[in-house]
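As provided, start.cif (mmCIF, N, CA and C atoms) reads as follows.
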data_upload
#
loop_
_atom_site.label_atom_id
_atom_site.label_comp_id
_atom_site.auth_asym_id
_atom_site.auth_seq_id
_atom_site.Cartn_x
_atom_site.Cartn_y
_atom_site.Cartn_z
N MET Q 1 -14.17 7.18 19.75
CA MET Q 1 -13.42 7.69 18.63
C MET Q 1 -13.91 7.03 17.35
N GLN Q 2 -14.00 5.73 17.35
CA GLN Q 2 -14.42 5.02 16.15
C GLN Q 2 -15.86 5.41 15.77
N HIS Q 3 -16.71 5.55 16.75
CA HIS Q 3 -18.10 5.96 16.49
C HIS Q 3 -18.12 7.34 15.81
N THR Q 4 -17.30 8.25 16.30
CA THR Q 4 -17.25 9.59 15.72
C THR Q 4 -16.72 9.56 14.29
N ARG Q 5 -15.65 8.80 14.08
CA ARG Q 5 -15.04 8.75 12.76
C ARG Q 5 -15.97 8.17 11.70
N TRP Q 6 -16.72 7.16 12.07
CA TRP Q 6 -17.55 6.45 11.08
C TRP Q 6 -19.05 6.69 11.30
N ARG Q 7 -19.40 7.78 11.96
CA ARG Q 7 -20.81 8.04 12.30
C ARG Q 7 -21.72 8.12 11.08
N ASN Q 8 -21.21 8.54 9.94
CA ASN Q 8 -22.04 8.64 8.73
C ASN Q 8 -22.14 7.32 7.98
N GLU Q 9 -21.40 6.30 8.44
CA GLU Q 9 -21.43 4.98 7.81
C GLU Q 9 -21.55 3.91 8.88
N PRO Q 10 -22.66 3.85 9.61
CA PRO Q 10 -22.77 2.94 10.76
C PRO Q 10 -22.66 1.46 10.41
N ASP Q 11 -22.93 1.08 9.18
CA ASP Q 11 -22.85 -0.33 8.79
C ASP Q 11 -21.55 -0.67 8.06
N ARG Q 12 -20.61 0.25 8.07
CA ARG Q 12 -19.35 0.04 7.37
C ARG Q 12 -18.59 -1.15 7.94
N LYS Q 13 -18.08 -1.99 7.06
CA LYS Q 13 -17.22 -3.10 7.45
C LYS Q 13 -15.78 -2.60 7.32
N LEU Q 14 -15.14 -2.36 8.45
CA LEU Q 14 -13.81 -1.77 8.44
C LEU Q 14 -12.75 -2.75 7.93
N THR Q 15 -11.80 -2.21 7.17
CA THR Q 15 -10.65 -2.99 6.76
C THR Q 15 -9.66 -3.03 7.92
N MET Q 16 -8.66 -3.88 7.81
CA MET Q 16 -7.64 -3.92 8.86
C MET Q 16 -6.89 -2.59 8.91
N ASP Q 17 -6.61 -1.98 7.76
CA ASP Q 17 -5.95 -0.68 7.75
C ASP Q 17 -6.78 0.36 8.51
N GLU Q 18 -8.08 0.38 8.27
CA GLU Q 18 -8.94 1.34 8.96
C GLU Q 18 -8.98 1.08 10.47
N THR Q 19 -8.96 -0.18 10.85
CA THR Q 19 -8.96 -0.52 12.27
C THR Q 19 -7.67 -0.04 12.94
N VAL Q 20 -6.53 -0.25 12.28
CA VAL Q 20 -5.25 0.22 12.84
C VAL Q 20 -5.20 1.74 12.82
N GLU Q 21 -5.76 2.38 11.81
CA GLU Q 21 -5.86 3.83 11.81
C GLU Q 21 -6.65 4.31 13.01
N ASP Q 22 -7.80 3.68 13.26
CA ASP Q 22 -8.63 4.07 14.41
C ASP Q 22 -7.87 3.92 15.72
N MET Q 23 -7.19 2.81 15.89
CA MET Q 23 -6.42 2.59 17.12
C MET Q 23 -5.30 3.62 17.23
N SER Q 24 -4.66 3.94 16.12
CA SER Q 24 -3.59 4.95 16.12
C SER Q 24 -4.11 6.31 16.54
N ILE Q 25 -5.25 6.70 16.01
CA ILE Q 25 -5.87 7.98 16.39
C ILE Q 25 -6.20 7.96 17.88
N ALA Q 26 -6.75 6.85 18.35
CA ALA Q 26 -7.16 6.76 19.75
C ALA Q 26 -5.99 6.91 20.72
N VAL Q 27 -4.83 6.34 20.38
CA VAL Q 27 -3.67 6.43 21.29
C VAL Q 27 -2.74 7.59 20.95
N GLY Q 28 -2.95 8.23 19.78
CA GLY Q 28 -2.11 9.36 19.40
C GLY Q 28 -0.75 8.99 18.87
N GLU Q 29 -0.58 7.74 18.45
CA GLU Q 29 0.69 7.27 17.88
C GLU Q 29 0.41 6.32 16.73
N ASP Q 30 1.31 6.32 15.75
CA ASP Q 30 1.18 5.45 14.58
C ASP Q 30 1.50 4.01 14.98
N LEU Q 31 0.51 3.14 14.88
CA LEU Q 31 0.68 1.73 15.26
C LEU Q 31 0.96 0.82 14.07
N PHE Q 32 1.06 1.37 12.86
CA PHE Q 32 1.25 0.53 11.68
C PHE Q 32 2.54 -0.29 11.74
N GLY Q 33 3.62 0.31 12.17
CA GLY Q 33 4.89 -0.43 12.27
C GLY Q 33 4.79 -1.63 13.20
N PHE Q 34 4.16 -1.44 14.34
CA PHE Q 34 3.99 -2.53 15.31
C PHE Q 34 3.17 -3.66 14.69
N PHE Q 35 2.03 -3.33 14.09
CA PHE Q 35 1.18 -4.37 13.53
C PHE Q 35 1.85 -5.08 12.36
N ARG Q 36 2.66 -4.37 11.60
CA ARG Q 36 3.40 -5.02 10.51
C ARG Q 36 4.44 -5.97 11.09
N LYS Q 37 5.11 -5.59 12.18
CA LYS Q 37 6.11 -6.44 12.81
C LYS Q 37 5.53 -7.75 13.32
N ILE Q 38 4.27 -7.72 13.76
CA ILE Q 38 3.67 -8.96 14.27
C ILE Q 38 2.99 -9.76 13.16
N GLY Q 39 3.15 -9.33 11.92
CA GLY Q 39 2.69 -10.11 10.79
C GLY Q 39 1.34 -9.74 10.22
N THR Q 40 0.77 -8.62 10.64
CA THR Q 40 -0.51 -8.19 10.10
C THR Q 40 -0.32 -7.67 8.68
N THR Q 41 -1.17 -8.10 7.76
CA THR Q 41 -1.10 -7.64 6.39
C THR Q 41 -1.80 -6.29 6.29
N LEU Q 42 -1.02 -5.27 5.95
CA LEU Q 42 -1.54 -3.91 5.83
C LEU Q 42 -1.06 -3.31 4.52
N SER Q 43 -1.80 -2.35 4.00
CA SER Q 43 -1.39 -1.74 2.74
C SER Q 43 -0.51 -0.51 2.95
N LYS Q 44 -0.42 -0.02 4.18
CA LYS Q 44 0.39 1.16 4.48
C LYS Q 44 1.61 0.79 5.31
N GLU Q 45 2.65 1.58 5.16
CA GLU Q 45 3.84 1.45 6.00
C GLU Q 45 3.73 2.38 7.21
N ARG Q 46 3.09 3.53 7.01
CA ARG Q 46 3.10 4.60 8.01
C ARG Q 46 1.78 5.35 7.98
N PHE Q 47 1.37 5.87 9.13
CA PHE Q 47 0.16 6.69 9.28
C PHE Q 47 0.58 7.92 10.07
N ALA Q 48 1.24 8.85 9.38
CA ALA Q 48 1.89 9.98 10.05
C ALA Q 48 0.95 11.13 10.38
N ARG Q 49 -0.08 11.32 9.58
CA ARG Q 49 -0.96 12.48 9.76
C ARG Q 49 -2.36 12.13 9.29
N THR Q 50 -3.33 12.68 10.01
CA THR Q 50 -4.73 12.48 9.61
C THR Q 50 -5.56 13.65 10.11
N THR Q 51 -6.75 13.73 9.63
CA THR Q 51 -7.71 14.71 10.13
C THR Q 51 -8.81 13.93 10.83
N PHE Q 52 -9.07 14.31 12.06
CA PHE Q 52 -10.12 13.66 12.84
C PHE Q 52 -10.96 14.72 13.52
N ASP Q 53 -12.25 14.65 13.30
CA ASP Q 53 -13.20 15.58 13.90
C ASP Q 53 -12.79 17.04 13.67
N GLY Q 54 -12.31 17.31 12.43
CA GLY Q 54 -11.96 18.66 12.05
C GLY Q 54 -10.58 19.14 12.45
N GLN Q 55 -9.81 18.28 13.11
CA GLN Q 55 -8.46 18.68 13.54
C GLN Q 55 -7.41 17.79 12.88
N THR Q 56 -6.31 18.41 12.46
CA THR Q 56 -5.19 17.65 11.92
C THR Q 56 -4.38 17.10 13.08
N ILE Q 57 -4.07 15.82 13.00
CA ILE Q 57 -3.32 15.14 14.05
C ILE Q 57 -2.03 14.59 13.47
N GLU Q 58 -0.91 14.90 14.10
CA GLU Q 58 0.39 14.33 13.74
C GLU Q 58 0.61 13.12 14.62
N LEU Q 59 0.94 11.98 14.01
CA LEU Q 59 1.11 10.75 14.77
C LEU Q 59 2.55 10.26 14.71
N PRO Q 60 3.30 10.40 15.81
CA PRO Q 60 4.65 9.85 15.83
C PRO Q 60 4.59 8.32 15.86
N VAL Q 61 5.66 7.68 15.44
CA VAL Q 61 5.72 6.22 15.46
C VAL Q 61 5.67 5.75 16.91
N ALA Q 62 4.81 4.78 17.19
CA ALA Q 62 4.69 4.23 18.54
C ALA Q 62 5.97 3.47 18.89
N PRO Q 63 6.55 3.74 20.05
CA PRO Q 63 7.80 3.06 20.44
C PRO Q 63 7.52 1.70 21.09
N LEU Q 64 6.93 0.79 20.33
CA LEU Q 64 6.59 -0.53 20.86
C LEU Q 64 7.59 -1.56 20.37
N ASP Q 65 8.18 -2.28 21.30
CA ASP Q 65 9.10 -3.36 20.95
C ASP Q 65 8.36 -4.69 20.94
N ILE Q 66 8.85 -5.61 20.15
CA ILE Q 66 8.31 -6.96 20.13
C ILE Q 66 9.19 -7.78 21.07
N ARG Q 67 8.58 -8.32 22.11
CA ARG Q 67 9.31 -9.15 23.07
C ARG Q 67 8.34 -10.12 23.72
N ALA Q 68 8.88 -11.03 24.48
CA ALA Q 68 8.04 -12.02 25.16
C ALA Q 68 7.10 -11.31 26.12
N ALA Q 69 5.91 -11.86 26.25
CA ALA Q 69 4.93 -11.30 27.18
C ALA Q 69 5.38 -11.52 28.62
N GLY Q 70 4.92 -10.64 29.50
CA GLY Q 70 5.23 -10.78 30.92
C GLY Q 70 4.32 -11.81 31.57
N PRO Q 71 4.42 -11.94 32.88
CA PRO Q 71 3.59 -12.91 33.59
C PRO Q 71 2.10 -12.59 33.45
N VAL Q 72 1.30 -13.62 33.44
CA VAL Q 72 -0.16 -13.47 33.34
C VAL Q 72 -0.68 -12.86 34.63
N ARG Q 73 -1.56 -11.88 34.51
CA ARG Q 73 -2.18 -11.23 35.66
C ARG Q 73 -3.64 -11.63 35.72
N LEU Q 74 -4.05 -12.29 36.78
CA LEU Q 74 -5.43 -12.73 36.91
C LEU Q 74 -6.20 -12.02 38.01
N GLU Q 75 -5.49 -11.27 38.85
CA GLU Q 75 -6.17 -10.59 39.96
C GLU Q 75 -6.88 -9.34 39.45
N PRO Q 76 -7.83 -8.81 40.22
CA PRO Q 76 -8.51 -7.58 39.82
C PRO Q 76 -7.50 -6.44 39.62
N ILE Q 77 -7.82 -5.53 38.73
CA ILE Q 77 -6.90 -4.44 38.40
C ILE Q 77 -6.69 -3.49 39.57
N GLY Q 78 -7.70 -3.18 40.33
CA GLY Q 78 -7.54 -2.22 41.43
C GLY Q 78 -7.51 -0.81 40.87
N ASN Q 79 -6.56 -0.01 41.34
CA ASN Q 79 -6.44 1.38 40.88
C ASN Q 79 -5.70 1.38 39.54
N TYR Q 80 -6.44 1.57 38.46
CA TYR Q 80 -5.86 1.52 37.13
C TYR Q 80 -4.90 2.68 36.85
N LYS Q 81 -4.88 3.69 37.71
CA LYS Q 81 -4.00 4.86 37.50
C LYS Q 81 -2.59 4.60 38.03
N GLU Q 82 -2.40 3.54 38.78
CA GLU Q 82 -1.08 3.22 39.33
C GLU Q 82 -0.46 2.08 38.54
N PRO Q 83 0.87 2.10 38.37
CA PRO Q 83 1.53 1.03 37.63
C PRO Q 83 1.33 -0.32 38.33
N LEU Q 84 1.28 -1.37 37.54
CA LEU Q 84 1.19 -2.71 38.11
C LEU Q 84 2.54 -3.10 38.69
N THR Q 85 2.51 -3.83 39.78
CA THR Q 85 3.74 -4.38 40.34
C THR Q 85 3.59 -5.90 40.34
N TYR Q 86 4.72 -6.58 40.35
CA TYR Q 86 4.72 -8.04 40.38
C TYR Q 86 5.10 -8.48 41.78
N ASP Q 87 4.76 -9.70 42.15
CA ASP Q 87 5.04 -10.19 43.50
C ASP Q 87 6.49 -9.98 43.88
N SER Q 88 7.41 -10.13 42.94
CA SER Q 88 8.83 -9.96 43.26
C SER Q 88 9.19 -8.51 43.56
N GLU Q 89 8.32 -7.56 43.19
CA GLU Q 89 8.58 -6.13 43.42
C GLU Q 89 7.93 -5.63 44.70
N ARG Q 90 7.07 -6.40 45.31
CA ARG Q 90 6.33 -5.95 46.50
C ARG Q 90 7.15 -6.05 47.75
#
Written as structure tokens, how would this file's structure read?
Amino acid sequence: MQHTRWRNEPDRKLTMDETVEDMSIAVGEDLFGFFRKIGTTLSKERFARTTFDGQTIELPVAPLDIRAAGPVRLEPIGNYKEPLTYDSER
């Protein structure tokens, strides 16, 4: 996605706003609120709509909460299409 968006400027040094825009486009949700909550300095509050590769994309706000991280996972991922379980759930 990032390669496509910036293909005409291969040496471009992306700003933090552009990086969050790219991530938002990639996941299909506006990540600006989340990054602002964790203290990232950004010039935008919201990234609701953009045009990417000739298509207009509407980006709803990502429903990400700020909370403590879960247990560290060090084992191989295995089947990435299935949800992770913890030892207490097995």
Practice prompt. Decode the PyMOL selection byres ((chain Q and resi 14-29) around 7) for the given file into explicit residues and return them as a ChimeraX atom specification.
Written response: /Q:1-2,11-13,30-32,41-44,47,58-62
Those same residues - N, CA and C atoms - I'd like them written as a PDB file, keeping the file's coordinate frame.
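After the write, selection.pdb holds the following:
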ATOM      1  N   MET Q   1     -14.170   7.180  19.750  1.00  0.00           N
ATOM      2  CA  MET Q   1     -13.420   7.690  18.630  1.00  0.00           C
ATOM      3  C   MET Q   1     -13.910   7.030  17.350  1.00  0.00           C
ATOM      4  N   GLN Q   2     -14.000   5.730  17.350  1.00  0.00           N
ATOM      5  CA  GLN Q   2     -14.420   5.020  16.150  1.00  0.00           C
ATOM      6  C   GLN Q   2     -15.860   5.410  15.770  1.00  0.00           C
ATOM      7  N   ASP Q  11     -22.930   1.080   9.180  1.00  0.00           N
ATOM      8  CA  ASP Q  11     -22.850  -0.330   8.790  1.00  0.00           C
ATOM      9  C   ASP Q  11     -21.550  -0.670   8.060  1.00  0.00           C
ATOM     10  N   ARG Q  12     -20.610   0.250   8.070  1.00  0.00           N
ATOM     11  CA  ARG Q  12     -19.350   0.040   7.370  1.00  0.00           C
ATOM     12  C   ARG Q  12     -18.590  -1.150   7.940  1.00  0.00           C
ATOM     13  N   LYS Q  13     -18.080  -1.990   7.060  1.00  0.00           N
ATOM     14  CA  LYS Q  13     -17.220  -3.100   7.450  1.00  0.00           C
ATOM     15  C   LYS Q  13     -15.780  -2.600   7.320  1.00  0.00           C
ATOM     16  N   ASP Q  30       1.310   6.320  15.750  1.00  0.00           N
ATOM     17  CA  ASP Q  30       1.180   5.450  14.580  1.00  0.00           C
ATOM     18  C   ASP Q  30       1.500   4.010  14.980  1.00  0.00           C
ATOM     19  N   LEU Q  31       0.510   3.140  14.880  1.00  0.00           N
ATOM     20  CA  LEU Q  31       0.680   1.730  15.260  1.00  0.00           C
ATOM     21  C   LEU Q  31       0.960   0.820  14.070  1.00  0.00           C
ATOM     22  N   PHE Q  32       1.060   1.370  12.860  1.00  0.00           N
ATOM     23  CA  PHE Q  32       1.250   0.530  11.680  1.00  0.00           C
ATOM     24  C   PHE Q  32       2.540  -0.290  11.740  1.00  0.00           C
ATOM     25  N   THR Q  41      -1.170  -8.100   7.760  1.00  0.00           N
ATOM     26  CA  THR Q  41      -1.100  -7.640   6.390  1.00  0.00           C
ATOM     27  C   THR Q  41      -1.800  -6.290   6.290  1.00  0.00           C
ATOM     28  N   LEU Q  42      -1.020  -5.270   5.950  1.00  0.00           N
ATOM     29  CA  LEU Q  42      -1.540  -3.910   5.830  1.00  0.00           C
ATOM     30  C   LEU Q  42      -1.060  -3.310   4.520  1.00  0.00           C
ATOM     31  N   SER Q  43      -1.800  -2.350   4.000  1.00  0.00           N
ATOM     32  CA  SER Q  43      -1.390  -1.740   2.740  1.00  0.00           C
ATOM     33  C   SER Q  43      -0.510  -0.510   2.950  1.00  0.00           C
ATOM     34  N   LYS Q  44      -0.420  -0.020   4.180  1.00  0.00           N
ATOM     35  CA  LYS Q  44       0.390   1.160   4.480  1.00  0.00           C
ATOM     36  C   LYS Q  44       1.610   0.790   5.310  1.00  0.00           C
ATOM     37  N   PHE Q  47       1.370   5.870   9.130  1.00  0.00           N
ATOM     38  CA  PHE Q  47       0.160   6.690   9.280  1.00  0.00           C
ATOM     39  C   PHE Q  47       0.580   7.920  10.070  1.00  0.00           C
ATOM     40  N   GLU Q  58      -0.910  14.900  14.100  1.00  0.00           N
ATOM     41  CA  GLU Q  58       0.390  14.330  13.740  1.00  0.00           C
ATOM     42  C   GLU Q  58       0.610  13.120  14.620  1.00  0.00           C
ATOM     43  N   LEU Q  59       0.940  11.980  14.010  1.00  0.00           N
ATOM     44  CA  LEU Q  59       1.110  10.750  14.770  1.00  0.00           C
ATOM     45  C   LEU Q  59       2.550  10.260  14.710  1.00  0.00           C
ATOM     46  N   PRO Q  60       3.300  10.400  15.810  1.00  0.00           N
ATOM     47  CA  PRO Q  60       4.650   9.850  15.830  1.00  0.00           C
ATOM     48  C   PRO Q  60       4.590   8.320  15.860  1.00  0.00           C
ATOM     49  N   VAL Q  61       5.660   7.680  15.440  1.00  0.00           N
ATOM     50  CA  VAL Q  61       5.720   6.220  15.460  1.00  0.00           C
ATOM     51  C   VAL Q  61       5.670   5.750  16.910  1.00  0.00           C
ATOM     52  N   ALA Q  62       4.810   4.780  17.190  1.00  0.00           N
ATOM     53  CA  ALA Q  62       4.690   4.230  18.540  1.00  0.00           C
ATOM     54  C   ALA Q  62       5.970   3.470  18.890  1.00  0.00           C
TER      55      ALA Q  62
END
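Taking atom CA of Gly39 of chain Q and atom CA of Arg73 of chain Q as the two end points, the separation is 25.4 Å.
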Worksheet entry | d(atom CA of Asn8 of chain Q, atom CA of Phe34 of chain Q) in Å |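 Interatomic distance, atom CA of Asn8 of chain Q to atom CA of Phe34 of chain Q: 29.1 Å.
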Worksheet entry | Nearest candidate to Arg7 of chain Q (options Q:Ala48, Q:Val72, Q:Asp53, Q:Ile77; using only C-alpha atoms) |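 For Arg7 of chain Q, the nearest of the candidates is Q:Asp53.
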Fill in: Atomic distance atom CA of Gly33 of chain Q - atom CA of Thr50 of chain Q, expressed in Å with one decimal
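A separation of 16.3 Å between them.
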Worksheet item: Per DSSP on the backbone, what are the strand (DSSP E) residues of chain Q, as a ChimeraX atom specification?
Response: /Q:49-52,55-58
Discussion item. I need the residues in segment 12-90 of chain Q that are alpha helix (DSSP H) according to DSSP; give them as a list of chain:residue names.
Written reply: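 Alpha helix (DSSP H) assignments inside segment 12-90 of chain Q correspond to Q:Met16, Q:Asp17, Q:Glu18, Q:Thr19, Q:Val20, Q:Glu21, Q:Asp22, Q:Met23, Q:Ser24, Q:Ile25, Q:Ala26, Q:Val27, Q:Phe32, Q:Gly33, Q:Phe34, Q:Phe35, Q:Arg36, Q:Lys37.
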Worksheet item: How would you write as number ranges by chain the residues that get within 8 Å of (4.8, -4.7, 20.5) in the file's frame, counting all atoms listed in the file?
Response: Q: 33-35, 37-38, 63-67
